[in-house]
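Participant: Provided below: work24.csv, containing CSV, C-alpha atoms and all ligand atoms.
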chain,number,residue,atom,x,y,z
A,1,MET,CA,15.8,-11.1,17.0
A,2,ILE,CA,17.7,-8.7,19.3
A,3,ALA,CA,21.4,-8.6,18.6
A,4,GLU,CA,24.0,-7.8,21.3
A,5,ASP,CA,24.7,-4.5,19.6
A,6,PHE,CA,21.2,-3.3,20.4
A,7,LYS,CA,19.7,-3.7,17.0
A,8,ILE,CA,16.2,-4.9,16.4
A,9,ASP,CA,14.9,-6.2,13.1
A,10,VAL,CA,11.6,-5.4,11.3
A,11,SER,CA,10.0,-8.8,12.0
A,12,THR,CA,10.6,-8.3,15.8
A,13,LEU,CA,9.1,-4.8,15.8
A,14,THR,CA,6.2,-6.1,13.8
A,15,ARG,CA,5.6,-8.8,16.3
A,16,TRP,CA,5.8,-6.3,19.2
A,17,PHE,CA,3.1,-4.2,17.4
A,18,ASN,CA,1.0,-7.3,16.7
A,19,ILE,CA,0.9,-8.3,20.4
A,20,SER,CA,0.3,-4.6,21.4
A,21,MET,CA,3.5,-4.6,23.5
A,22,PRO,CA,4.2,-1.1,24.9
A,23,VAL,CA,7.1,0.4,23.0
A,24,THR,CA,8.1,4.0,22.0
A,25,VAL,CA,9.3,4.3,18.5
A,26,LEU,CA,11.6,7.4,18.2
A,27,ASP,CA,12.1,8.7,14.7
A,28,VAL,CA,15.4,10.7,14.4
A,29,ARG,CA,15.3,11.6,10.7
A,30,GLY,CA,15.1,15.2,9.5
A,31,LYS,CA,11.7,16.9,9.2
A,32,SER,CA,11.2,16.4,5.5
A,33,ASP,CA,12.0,12.7,5.6
A,34,ARG,CA,9.6,12.3,8.5
A,35,GLU,CA,6.8,14.1,6.6
A,36,GLU,CA,7.3,11.8,3.6
A,37,TRP,CA,6.6,8.6,5.5
A,38,SER,CA,6.7,7.3,9.1
A,39,ILE,CA,6.0,4.4,11.4
A,40,PRO,CA,2.4,4.7,12.9
A,41,GLY,CA,2.4,5.9,16.5
A,42,SER,CA,6.1,6.9,16.4
A,43,ILE,CA,7.3,10.2,17.9
A,44,HIS,CA,9.8,12.5,16.2
A,45,ALA,CA,12.9,14.3,17.4
A,46,ASP,CA,14.5,16.5,14.8
A,47,VAL,CA,18.1,15.7,15.9
A,48,TYR,CA,19.6,14.2,12.8
A,49,ASP,CA,22.3,16.9,12.4
A,50,LYS,CA,23.2,16.7,16.1
A,51,LEU,CA,23.6,12.9,15.9
A,52,LYS,CA,25.7,13.3,12.8
A,53,ALA,CA,27.9,15.7,14.7
A,54,ASP,CA,28.3,13.1,17.5
A,55,ASP,CA,26.6,15.4,20.0
A,56,GLU,CA,26.1,13.3,23.2
A,57,HIS,CA,23.4,15.7,24.3
A,58,ALA,CA,21.4,15.3,21.1
A,59,LEU,CA,18.5,13.7,22.9
A,60,ASP,CA,18.5,15.6,26.2
A,61,GLU,CA,15.3,17.5,25.3
A,62,VAL,CA,13.3,14.5,24.3
A,63,LYS,CA,10.8,13.3,26.9
A,64,LEU,CA,10.7,9.5,27.0
A,65,ASP,CA,9.0,7.0,29.2
A,66,GLU,CA,11.7,4.9,30.9
A,67,ARG,CA,9.3,2.1,31.6
A,68,LYS,CA,8.9,1.2,27.9
A,69,PRO,CA,11.6,-0.1,25.4
A,70,ILE,CA,12.6,2.5,22.9
A,71,VAL,CA,13.2,1.7,19.2
A,72,THR,CA,15.1,4.4,17.3
A,73,VAL,CA,14.6,4.7,13.6
A,74,CYS,CA,16.3,6.6,10.8
A,75,ALA,CA,16.5,6.2,7.0
A,76,ALA,CA,18.8,3.2,6.8
A,77,GLY,CA,19.8,2.3,10.4
A,78,LYS,CA,23.0,4.3,11.0
A,79,MET,CA,22.0,7.4,12.9
A,80,SER,CA,19.4,5.4,14.8
A,81,LEU,CA,22.2,3.2,16.2
A,82,LYS,CA,24.0,6.3,17.5
A,83,ALA,CA,20.7,7.5,19.1
A,84,ALA,CA,20.2,4.0,20.7
A,85,GLU,CA,23.7,4.1,22.1
A,86,ILE,CA,23.2,7.6,23.6
A,87,LEU,CA,19.9,6.4,25.1
A,88,ARG,CA,21.5,3.3,26.5
A,89,ARG,CA,24.2,5.4,28.2
A,90,LYS,CA,21.3,7.4,29.8
A,91,GLY,CA,19.9,4.2,31.2
A,92,PHE,CA,17.1,3.5,28.6
A,93,ASP,CA,16.3,0.1,27.2
A,94,ALA,CA,16.9,1.3,23.6
A,95,PHE,CA,17.3,-0.5,20.3
A,96,SER,CA,18.0,0.6,16.8
A,97,LEU,CA,15.7,-0.5,13.9
A,98,GLU,CA,18.0,-2.4,11.6
A,99,GLY,CA,17.9,-1.1,8.0
A,100,GLY,CA,15.7,1.9,9.1
A,101,MET,CA,12.7,3.0,7.0
A,102,LYS,CA,14.2,1.2,3.9
A,103,ALA,CA,13.7,-2.1,5.7
A,104,TRP,CA,10.4,-1.0,7.3
A,105,ASN,CA,9.0,-0.5,3.8
A,106,TYR,CA,8.2,-4.2,3.8
A,107,ALA,CA,6.5,-4.4,7.3
A,108,TRP,CA,3.0,-5.6,6.9
A,109,ASN,CA,-0.1,-6.5,8.8
A,110,THR,CA,-3.6,-7.8,8.0
A,111,ALA,CA,-7.3,-7.2,8.6
A,112,GLU,CA,-10.1,-9.5,7.7
A,113,ILE,CA,-13.8,-9.6,7.0
A,114,VAL,CA,-16.3,-12.4,6.2
A,115,LEU,CA,-19.1,-11.5,3.8
A,116,HIS,CA,-21.5,-14.4,3.4
A,117,ASP,CA,-19.4,-17.4,2.5
A,118,VAL,CA,-16.4,-15.3,1.3
A,119,LYS,CA,-13.4,-14.2,3.4
A,120,ILE,CA,-11.4,-11.2,2.4
A,121,ILE,CA,-7.9,-10.6,3.8
A,122,GLN,CA,-6.6,-7.1,3.4
A,123,VAL,CA,-2.8,-7.3,3.4
A,124,ARG,CA,-1.3,-3.9,4.3
A,125,ARG,CA,2.2,-2.6,3.8
A,126,SER,CA,2.2,-0.3,6.8
A,127,SER,CA,4.6,2.4,5.6
A,128,LYS,CA,3.5,2.9,2.0
A,129,GLY,CA,-0.1,2.1,2.6
A,130,CYS,CA,-0.2,-0.4,-0.3
A,131,LEU,CA,-3.2,-2.7,0.2
A,132,SER,CA,-3.5,-6.1,-1.5
A,133,TYR,CA,-6.3,-8.6,-1.1
A,134,ILE,CA,-6.9,-12.3,-0.8
A,135,ILE,CA,-10.5,-13.3,-1.6
A,136,GLY,CA,-11.2,-16.9,-0.5
A,137,SER,CA,-14.3,-18.9,-1.1
A,138,GLY,CA,-14.6,-22.7,-0.8
A,139,ASP,CA,-11.1,-24.0,-1.3
A,140,GLU,CA,-10.1,-21.4,-3.8
A,141,ALA,CA,-8.7,-17.8,-3.7
A,142,ILE,CA,-7.7,-14.9,-5.9
A,143,VAL,CA,-4.9,-12.5,-4.9
A,144,ILE,CA,-5.2,-8.9,-6.1
A,145,ASP,CA,-2.3,-6.4,-6.3
A,146,ALA,CA,0.4,-8.5,-4.6
A,147,SER,CA,3.2,-6.1,-3.5
A,148,LEU,CA,5.0,-8.3,-0.9
A,149,ASP,CA,7.2,-11.4,-1.2
A,150,PRO,CA,5.0,-14.2,-2.7
A,151,GLN,CA,5.7,-16.3,0.4
A,152,VAL,CA,3.5,-13.9,2.5
A,153,TYR,CA,0.5,-14.7,0.3
A,154,LEU,CA,1.3,-18.4,0.0
A,155,ASP,CA,1.4,-18.7,3.8
A,156,LEU,CA,-1.8,-16.8,4.4
A,157,VAL,CA,-3.6,-18.9,1.7
A,158,ARG,CA,-2.3,-22.2,3.1
A,159,THR,CA,-3.4,-21.2,6.7
A,160,ASN,CA,-6.9,-20.7,5.3
A,161,GLY,CA,-7.0,-24.0,3.4
A,162,TRP,CA,-7.2,-22.3,0.0
A,163,SER,CA,-5.3,-22.8,-3.2
A,164,ILE,CA,-4.7,-19.7,-5.4
A,165,LYS,CA,-6.8,-20.0,-8.6
A,166,TYR,CA,-6.1,-16.5,-10.0
A,167,VAL,CA,-3.7,-13.6,-9.4
A,168,THR,CA,-4.3,-10.2,-10.9
A,169,ASP,CA,-3.4,-6.5,-10.7
A,170,THR,CA,-6.0,-3.6,-10.8
A,171,HIS,CA,-3.6,-1.7,-13.0
A,172,ILE,CA,0.1,-1.3,-14.0
A,173,HIS,CA,1.4,0.1,-10.8
A,174,ALA,CA,3.9,3.0,-10.9
A,175,ASP,CA,4.8,3.2,-7.2
A,176,TYR,CA,5.8,-0.3,-6.4
A,177,ILE,CA,7.1,-3.5,-8.1
A,178,SER,CA,4.1,-5.8,-8.6
A,179,ARG,CA,4.8,-9.3,-7.3
A,180,THR,CA,1.8,-10.8,-9.1
A,181,GLY,CA,3.9,-12.5,-11.8
A,182,GLU,CA,6.2,-14.1,-9.3
A,183,LEU,CA,3.2,-15.2,-7.2
A,184,ALA,CA,1.6,-16.7,-10.4
A,185,ARG,CA,4.8,-18.7,-11.0
A,186,ALA,CA,5.1,-19.8,-7.3
A,187,SER,CA,1.5,-20.9,-7.0
A,188,MET,CA,0.7,-22.1,-10.6
A,189,ALA,CA,-2.2,-19.7,-10.6
A,190,LYS,CA,-3.6,-18.1,-13.7
A,191,HIS,CA,-2.4,-14.5,-14.2
A,192,LEU,CA,-5.5,-12.5,-15.2
A,193,LEU,CA,-5.5,-9.0,-16.6
A,194,ILE,CA,-8.0,-6.9,-18.4
A,195,ASP,CA,-7.7,-7.2,-22.2
A,196,LYS,CA,-6.8,-3.4,-22.3
A,197,ALA,CA,-3.5,-4.0,-20.4
A,198,GLU,CA,-0.4,-3.2,-22.5
A,199,VAL,CA,2.2,-5.5,-21.0
A,200,ASN,CA,5.1,-7.5,-22.5
A,201,TYR,CA,4.3,-10.8,-20.9
A,202,PRO,CA,1.6,-13.4,-21.5
A,203,PHE,CA,-1.6,-13.3,-19.4
A,204,THR,CA,-5.2,-14.6,-19.4
A,205,HIS,CA,-7.4,-11.9,-20.8
A,206,VAL,CA,-10.6,-10.9,-19.1
A,207,GLN,CA,-13.1,-8.3,-20.4
A,208,ASP,CA,-15.5,-5.7,-18.9
A,209,GLY,CA,-18.6,-7.5,-17.7
A,210,GLU,CA,-17.0,-10.9,-17.6
A,211,ARG,CA,-17.4,-13.1,-14.4
A,212,ILE,CA,-14.8,-15.3,-12.9
A,213,GLN,CA,-15.6,-17.9,-10.3
A,214,ILE,CA,-13.7,-18.4,-6.9
A,215,GLY,CA,-15.2,-21.4,-5.1
A,216,ASN,CA,-19.0,-20.7,-5.1
A,217,THR,CA,-18.5,-17.0,-5.6
A,218,PRO,CA,-18.7,-15.0,-8.9
A,219,ILE,CA,-16.5,-11.9,-9.3
A,220,GLU,CA,-17.4,-9.4,-12.0
A,221,ILE,CA,-14.7,-7.5,-13.9
A,222,LEU,CA,-15.4,-3.8,-14.4
A,223,HIS,CA,-13.1,-1.7,-16.7
A,224,THR,CA,-12.8,1.6,-14.8
A,225,PRO,CA,-10.2,3.6,-16.8
A,226,GLY,CA,-8.9,7.1,-15.7
A,227,HIS,CA,-6.1,6.6,-13.2
A,228,THR,CA,-4.6,4.5,-16.0
A,229,MET,CA,-6.2,3.3,-19.2
A,230,GLU,CA,-6.3,-0.4,-18.1
A,231,SER,CA,-7.6,0.3,-14.5
A,232,THR,CA,-9.9,-2.5,-13.4
A,233,SER,CA,-12.3,-3.0,-10.5
A,234,PHE,CA,-13.4,-6.4,-9.2
A,235,ARG,CA,-17.0,-6.7,-7.9
A,236,LEU,CA,-18.2,-9.2,-5.4
A,237,ALA,CA,-22.0,-9.0,-5.8
A,238,ASP,CA,-23.5,-6.2,-3.8
A,239,ASP,CA,-21.0,-6.9,-1.0
A,240,ALA,CA,-17.7,-5.4,-2.0
A,241,ILE,CA,-15.8,-3.7,-4.9
A,242,PHE,CA,-12.0,-3.7,-5.2
A,243,THR,CA,-11.3,-0.4,-6.8
A,244,GLY,CA,-7.5,-0.3,-7.2
A,245,ASP,CA,-6.4,3.4,-7.6
A,246,THR,CA,-9.7,4.6,-9.0
A,247,LEU,CA,-11.5,5.3,-5.7
A,248,PHE,CA,-10.0,5.5,-2.3
A,249,VAL,CA,-11.6,5.9,1.1
A,250,ASP,CA,-10.1,9.4,1.3
A,251,GLY,CA,-10.0,10.6,-2.3
A,252,VAL,CA,-9.9,9.6,-6.0
A,253,GLY,CA,-7.0,8.4,-8.2
A,254,ARG,CA,-4.7,10.8,-10.0
A,255,PRO,CA,-5.3,10.9,-13.8
A,256,ASP,CA,-1.9,12.2,-14.9
A,257,LEU,CA,0.9,9.7,-14.4
A,258,LYS,CA,2.8,9.3,-17.6
A,259,ALA,CA,0.4,11.8,-19.2
A,260,ASP,CA,0.8,15.2,-20.8
A,261,TYR,CA,-1.8,17.9,-20.1
A,262,ASP,CA,-4.2,16.9,-22.9
A,263,GLU,CA,-3.9,13.3,-21.9
A,264,ALA,CA,-4.5,14.1,-18.3
A,265,ILE,CA,-7.8,15.9,-19.2
A,266,LYS,CA,-8.9,12.9,-21.3
A,267,ARG,CA,-8.1,10.6,-18.4
A,268,SER,CA,-9.8,12.8,-16.0
A,269,LYS,CA,-13.0,12.6,-18.0
A,270,LEU,CA,-12.7,8.8,-18.1
A,271,LEU,CA,-12.1,8.7,-14.4
A,272,TYR,CA,-15.3,10.8,-13.9
A,273,SER,CA,-17.4,8.3,-15.8
A,274,SER,CA,-15.7,5.3,-14.1
A,275,LEU,CA,-16.4,6.9,-10.7
A,276,SER,CA,-20.1,7.5,-11.7
A,277,ARG,CA,-20.3,3.8,-12.5
A,278,LEU,CA,-18.9,2.9,-9.1
A,279,LEU,CA,-21.3,5.3,-7.3
A,280,ASN,CA,-24.2,3.6,-9.0
A,281,LEU,CA,-23.5,0.4,-7.2
A,282,ASN,CA,-25.6,-0.6,-4.2
A,283,THR,CA,-24.9,2.0,-1.5
A,284,ASN,CA,-23.9,-0.7,1.1
A,285,THR,CA,-21.2,-2.1,-1.2
A,286,LEU,CA,-17.8,-1.9,0.6
A,287,VAL,CA,-15.1,-0.1,-1.3
A,288,LEU,CA,-11.7,-1.8,-0.9
A,289,PRO,CA,-9.0,0.4,-2.5
A,290,ALA,CA,-5.3,-0.4,-3.4
A,291,HIS,CA,-3.9,2.4,-1.2
A,292,ILE,CA,-4.4,4.6,1.7
A,293,ALA,CA,-2.5,7.9,2.0
A,294,THR,CA,-1.4,7.4,5.7
A,295,ALA,CA,0.7,4.7,7.4
A,296,VAL,CA,-1.4,1.7,8.3
A,297,PRO,CA,-1.6,1.0,12.1
A,298,PHE,CA,-1.3,-2.6,13.5
A,299,ASP,CA,-5.0,-2.5,14.6
A,300,GLY,CA,-6.6,-5.2,12.5
A,301,LYS,CA,-9.3,-2.7,11.4
A,302,LEU,CA,-10.3,-3.1,7.7
A,303,ILE,CA,-9.7,0.0,5.6
A,304,THR,CA,-13.0,0.5,3.9
A,305,GLU,CA,-16.0,2.6,3.5
A,306,SER,CA,-19.4,1.9,1.9
A,307,VAL,CA,-20.2,3.4,-1.5
A,308,GLY,CA,-23.0,5.4,0.2
A,309,ASN,CA,-20.7,6.8,2.9
A,310,LEU,CA,-18.1,7.9,0.3
A,311,ALA,CA,-20.7,9.6,-1.8
A,312,LYS,CA,-21.6,11.7,1.3
A,313,LYS,CA,-18.1,12.2,2.6
A,314,LEU,CA,-16.1,13.1,-0.5
A,315,ASP,CA,-17.0,16.5,-2.0
A,316,VAL,CA,-15.1,15.6,-5.2
A,317,LEU,CA,-17.7,12.9,-6.0
A,318,ARG,CA,-20.5,15.5,-6.2
A,319,LEU,CA,-18.9,17.7,-8.9
A,320,SER,CA,-20.1,18.0,-12.4
A,321,GLU,CA,-17.8,16.6,-15.1
A,322,ASP,CA,-16.3,20.1,-15.9
A,323,GLU,CA,-15.7,20.8,-12.2
A,324,PHE,CA,-14.2,17.4,-11.7
A,325,VAL,CA,-11.7,17.8,-14.6
A,326,LYS,CA,-10.7,21.3,-13.2
A,327,TYR,CA,-10.4,20.0,-9.7
A,328,THR,CA,-8.3,16.9,-10.5
A,329,THR,CA,-6.0,18.5,-13.0
A,330,SER,CA,-5.3,21.5,-10.7
A,331,ARG,CA,-4.4,19.3,-7.7
A,332,ILE,CA,-2.0,16.9,-9.1
A,333,PRO,CA,0.5,15.9,-6.4
A,334,PRO,CA,4.2,15.4,-6.9
A,335,THR,CA,5.0,12.4,-9.0
A,336,PRO,CA,6.3,9.3,-7.1
A,337,PRO,CA,10.0,8.8,-7.2
A,338,ASN,CA,11.2,6.4,-9.8
A,339,TYR,CA,7.7,5.9,-11.2
A,340,ARG,CA,8.9,5.7,-14.8
A,341,ILE,CA,11.3,2.9,-14.1
A,342,ILE,CA,8.8,1.0,-11.8
A,343,ALA,CA,6.0,1.3,-14.3
A,344,SER,CA,8.3,0.0,-17.1
A,345,LEU,CA,9.5,-2.9,-15.0
A,346,ASN,CA,5.9,-3.8,-14.2
A,347,LYS,CA,5.1,-3.6,-17.9
A,348,GLN,CA,7.9,-6.0,-18.6
A,349,GLY,CA,6.9,-8.3,-15.8
A,350,SER,CA,10.4,-8.6,-14.4
A,351,TYR,CA,12.6,-6.6,-12.1
A,352,GLU,CA,15.7,-8.6,-12.5
A,353,GLY,CA,18.8,-6.5,-11.9
A,354,HIS,CA,16.9,-4.0,-9.7
A,355,ASN,CA,16.5,-3.8,-6.0
A,356,PRO,CA,12.8,-3.1,-5.2
A,357,ALA,CA,13.7,-1.6,-1.8
A,358,ASP,CA,15.8,1.1,-3.5
A,359,LEU,CA,13.1,1.9,-6.1
A,360,GLU,CA,10.2,1.9,-3.8
A,361,ALA,CA,11.4,4.0,-0.8
A,362,GLY,CA,9.0,6.8,0.0
A,363,ALA,CA,5.3,7.4,0.4
A,364,ASN,CA,2.7,6.5,-2.1
A,365,ARG,CA,1.3,9.3,-4.3
A,366,CYS,CA,-1.4,7.7,-6.4
A,367,ALA,CA,-4.3,9.8,-5.0
A,368,ILE,CA,-5.8,13.2,-5.2
A,369,ALA,CA,-7.1,14.0,-1.8
A,401,FE,FE,-1.5,3.5,-9.1
The structure in this file should be written as structure tokens.
Ligand SMILES: [Fe+2]
Facilitator:
Amino acid sequence: MIAEDFKIDVSTLTRWFNISMPVTVLDVRGKSDREEWSIPGSIHADVYDKLKADDEHALDEVKLDERKPIVTVCAAGKMSLKAAEILRRKGFDAFSLEGGMKAWNYAWNTAEIVLHDVKIIQVRRSSKGCLSYIIGSGDEAIVIDASLDPQVYLDLVRTNGWSIKYVTDTHIHADYISRTGELARASMAKHLLIDKAEVNYPFTHVQDGERIQIGNTPIEILHTPGHTMESTSFRLADDAIFTGDTLFVDGVGRPDLKADYDEAIKRSKLLYSSLSRLLNLNTNTLVLPAHIATAVPFDGKLITESVGNLAKKLDVLRLSEDEFVKYTTSRIPPTPPNYRIIASLNKQGSYEGHNPADLEAGANRCAIA
């Protein structure tokens, strides 16, 4: 909804993107904030300090197309409002994104694929690149790695005529608050986790090699430790493998979170053998990861690669175990902000008293590229 004071909310901008409406998104944050995370297709003007100083000429150098509406964005929606006001005075059709990137953190879109009699919906948080999945077969579905309000999944499932039989996480996430427990309660679905998971809430245990059934479709559980000790992949015959943060389309998981150096080496070796197991799958199997390192565009294109393509594309997958351990432990990226608290809340299964938007702001850092 567009307010009289020229603010636009996240759901309106999402709708504009979904209908491919021409719009210029102008990011007015500082350079380092911009590098951390951004809106796909947005342009950047490094004018934060000028806006803060109420400089009416802050945007004079920025080239903008006057035929398109302009949405200005900052961290929380204050400087962007100043920018929108300046642009309005210059005659542009400008709006400020309400709540800024903190609100945009929850903007999402979907992509779908049908494989035989199974439909997979990839639910993507655009800014953080968190990917969750709904796998539907017959009239049943499983939701993997829910990271958005449970209502998002409930609506998608209802639209497809499914009921949620199981919900699960590929691992104890450290970069966002899992909504899987809430979704289990809202849908009456069984909350599955691998028996290795060390959490403080009750769950239905599954083991490596076990199969669960969704409609007519069996899904095999694979214990793939390394990124975390309980990391799990879910295999849909030779069609698809849901790899969590073990294998991405642009890299592999990081083995060090919550680990000291010796532990990181141990995890790195486990990750190596888990990846070897995944690479032995049929080469046409589609890898569907839990994250992507970049913002997800509103293009409806599934983020995936076949096992065979990844084996060719990613040099890291062709290293010996020793080389792999050296490579992964020497390229550990900065730790995600608030990861300790997020991981401990996910272990508890409740985030009561905490605001996920405050804890989750910023890009995902689960991968080694
Ligand atoms: Fe992770």
Participant: In terms of the shortest atom-to-atom distance over all atoms listed in the file, which of A:Thr170, A:Ser163, A:Ser233, A:Ser42 is closest to ligand FE 401 (chain A)?
Facilitator: A:Thr170
Participant: Please return as a PyMOL selection string the residues found within 8 Å of ligand FE 401 (chain A), counting all atoms listed in the file.
Facilitator: chain A and resi 171-175+227-228+244-245+253+290+366
Participant: Do you know which residues are at most 9 Å from Asn105 (chain A) counting all atoms listed in the file, after dropping those on the same chain fewer than 2 positions away, and could you put them as JSON, numbers by chain?
Facilitator: {"A": [100, 101, 102, 103, 107, 108, 125, 126, 127, 128, 357, 360, 361, 362]}
Participant: Within 9 Å of region 134-140 of chain A, counting only C-alpha atoms, which residues qualify if same-chain residues fewer than 5 places away don't, as a list in words?
Facilitator: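 In the requested form, the answer reads Asp117, Val118, Lys119, Ile120, Ile121, Gln122, Val123, Tyr153, Leu156, Val157, Asn160, Gly161, Trp162, Ser163, Ile164, Lys165, Tyr166, Ile214, Gly215, Asn216 and Thr217 of chain A.
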Participant: Based on the selection just made, write C-alpha atoms of those residues as a short mmCIF file (atom, residue, chain, number, x, y, z; two decimals), keeping the file's coordinate frame.
Facilitator:
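What follows is the written file out.cif:
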data_model
loop_
_atom_site.label_atom_id
_atom_site.label_comp_id
_atom_site.auth_asym_id
_atom_site.auth_seq_id
_atom_site.Cartn_x
_atom_site.Cartn_y
_atom_site.Cartn_z
CA ASP A 117 -19.40 -17.40 2.50
CA VAL A 118 -16.40 -15.30 1.30
CA LYS A 119 -13.40 -14.20 3.40
CA ILE A 120 -11.40 -11.20 2.40
CA ILE A 121 -7.90 -10.60 3.80
CA GLN A 122 -6.60 -7.10 3.40
CA VAL A 123 -2.80 -7.30 3.40
CA TYR A 153 0.50 -14.70 0.30
CA LEU A 156 -1.80 -16.80 4.40
CA VAL A 157 -3.60 -18.90 1.70
CA ASN A 160 -6.90 -20.70 5.30
CA GLY A 161 -7.00 -24.00 3.40
CA TRP A 162 -7.20 -22.30 0.00
CA SER A 163 -5.30 -22.80 -3.20
CA ILE A 164 -4.70 -19.70 -5.40
CA LYS A 165 -6.80 -20.00 -8.60
CA TYR A 166 -6.10 -16.50 -10.00
CA ILE A 214 -13.70 -18.40 -6.90
CA GLY A 215 -15.20 -21.40 -5.10
CA ASN A 216 -19.00 -20.70 -5.10
CA THR A 217 -18.50 -17.00 -5.60
#
Participant: Counting only C-alpha atoms, which residue out of A:Val287, A:Glu210, A:Asp60, A:Ala295 sits closest to Glu35 (chain A)?
Facilitator: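 Under the stated criterion, the closest residue is A:Ala295.
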Participant: Using all atoms listed in the file, which residue out of A:Arg179, A:Arg88, A:Lys63, A:Lys31 lies closest to Leu345 (chain A)?
Facilitator: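 Among the listed residues, A:Arg179 lies closest to Leu345 (chain A).
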Participant: Tell me, as a PyMOL selection string, which residues lie within 12 Å of Glu66 (chain A), counting only C-alpha atoms; anything in the same chain fewer than 2 positions away does not count.
Facilitator: chain A and resi 22-24+62-64+68-70+87-88+90-94
Participant: For Asn280 (chain A), which residue out of A:Tyr48, A:Ser330, A:Gly308, A:Glu98 is the nearest one, using only C-alpha atoms?
Facilitator: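 Closest to Asn280 (chain A), using only C-alpha atoms: A:Gly308.
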Participant: Using only C-alpha atoms for the distances, tell me which of A:Thr232, A:Ser320, A:Ser80, A:Ser187 is nearest to Gly209 (chain A).
Facilitator: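 Among the listed residues, the smallest separation from Gly209 (chain A) belongs to A:Thr232.
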Participant: Rounded to one decimal in Å, what is the spacing between CA of Arg254 (chain A) and CA of Leu281 (chain A)?
Facilitator: 21.7 Å
Participant: Rounded to one decimal, what separation in Å do you get between CA of Pro150 (chain A) and CA of Asp169 (chain A)?
Facilitator: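 These two atoms are separated by 13.9 Å.
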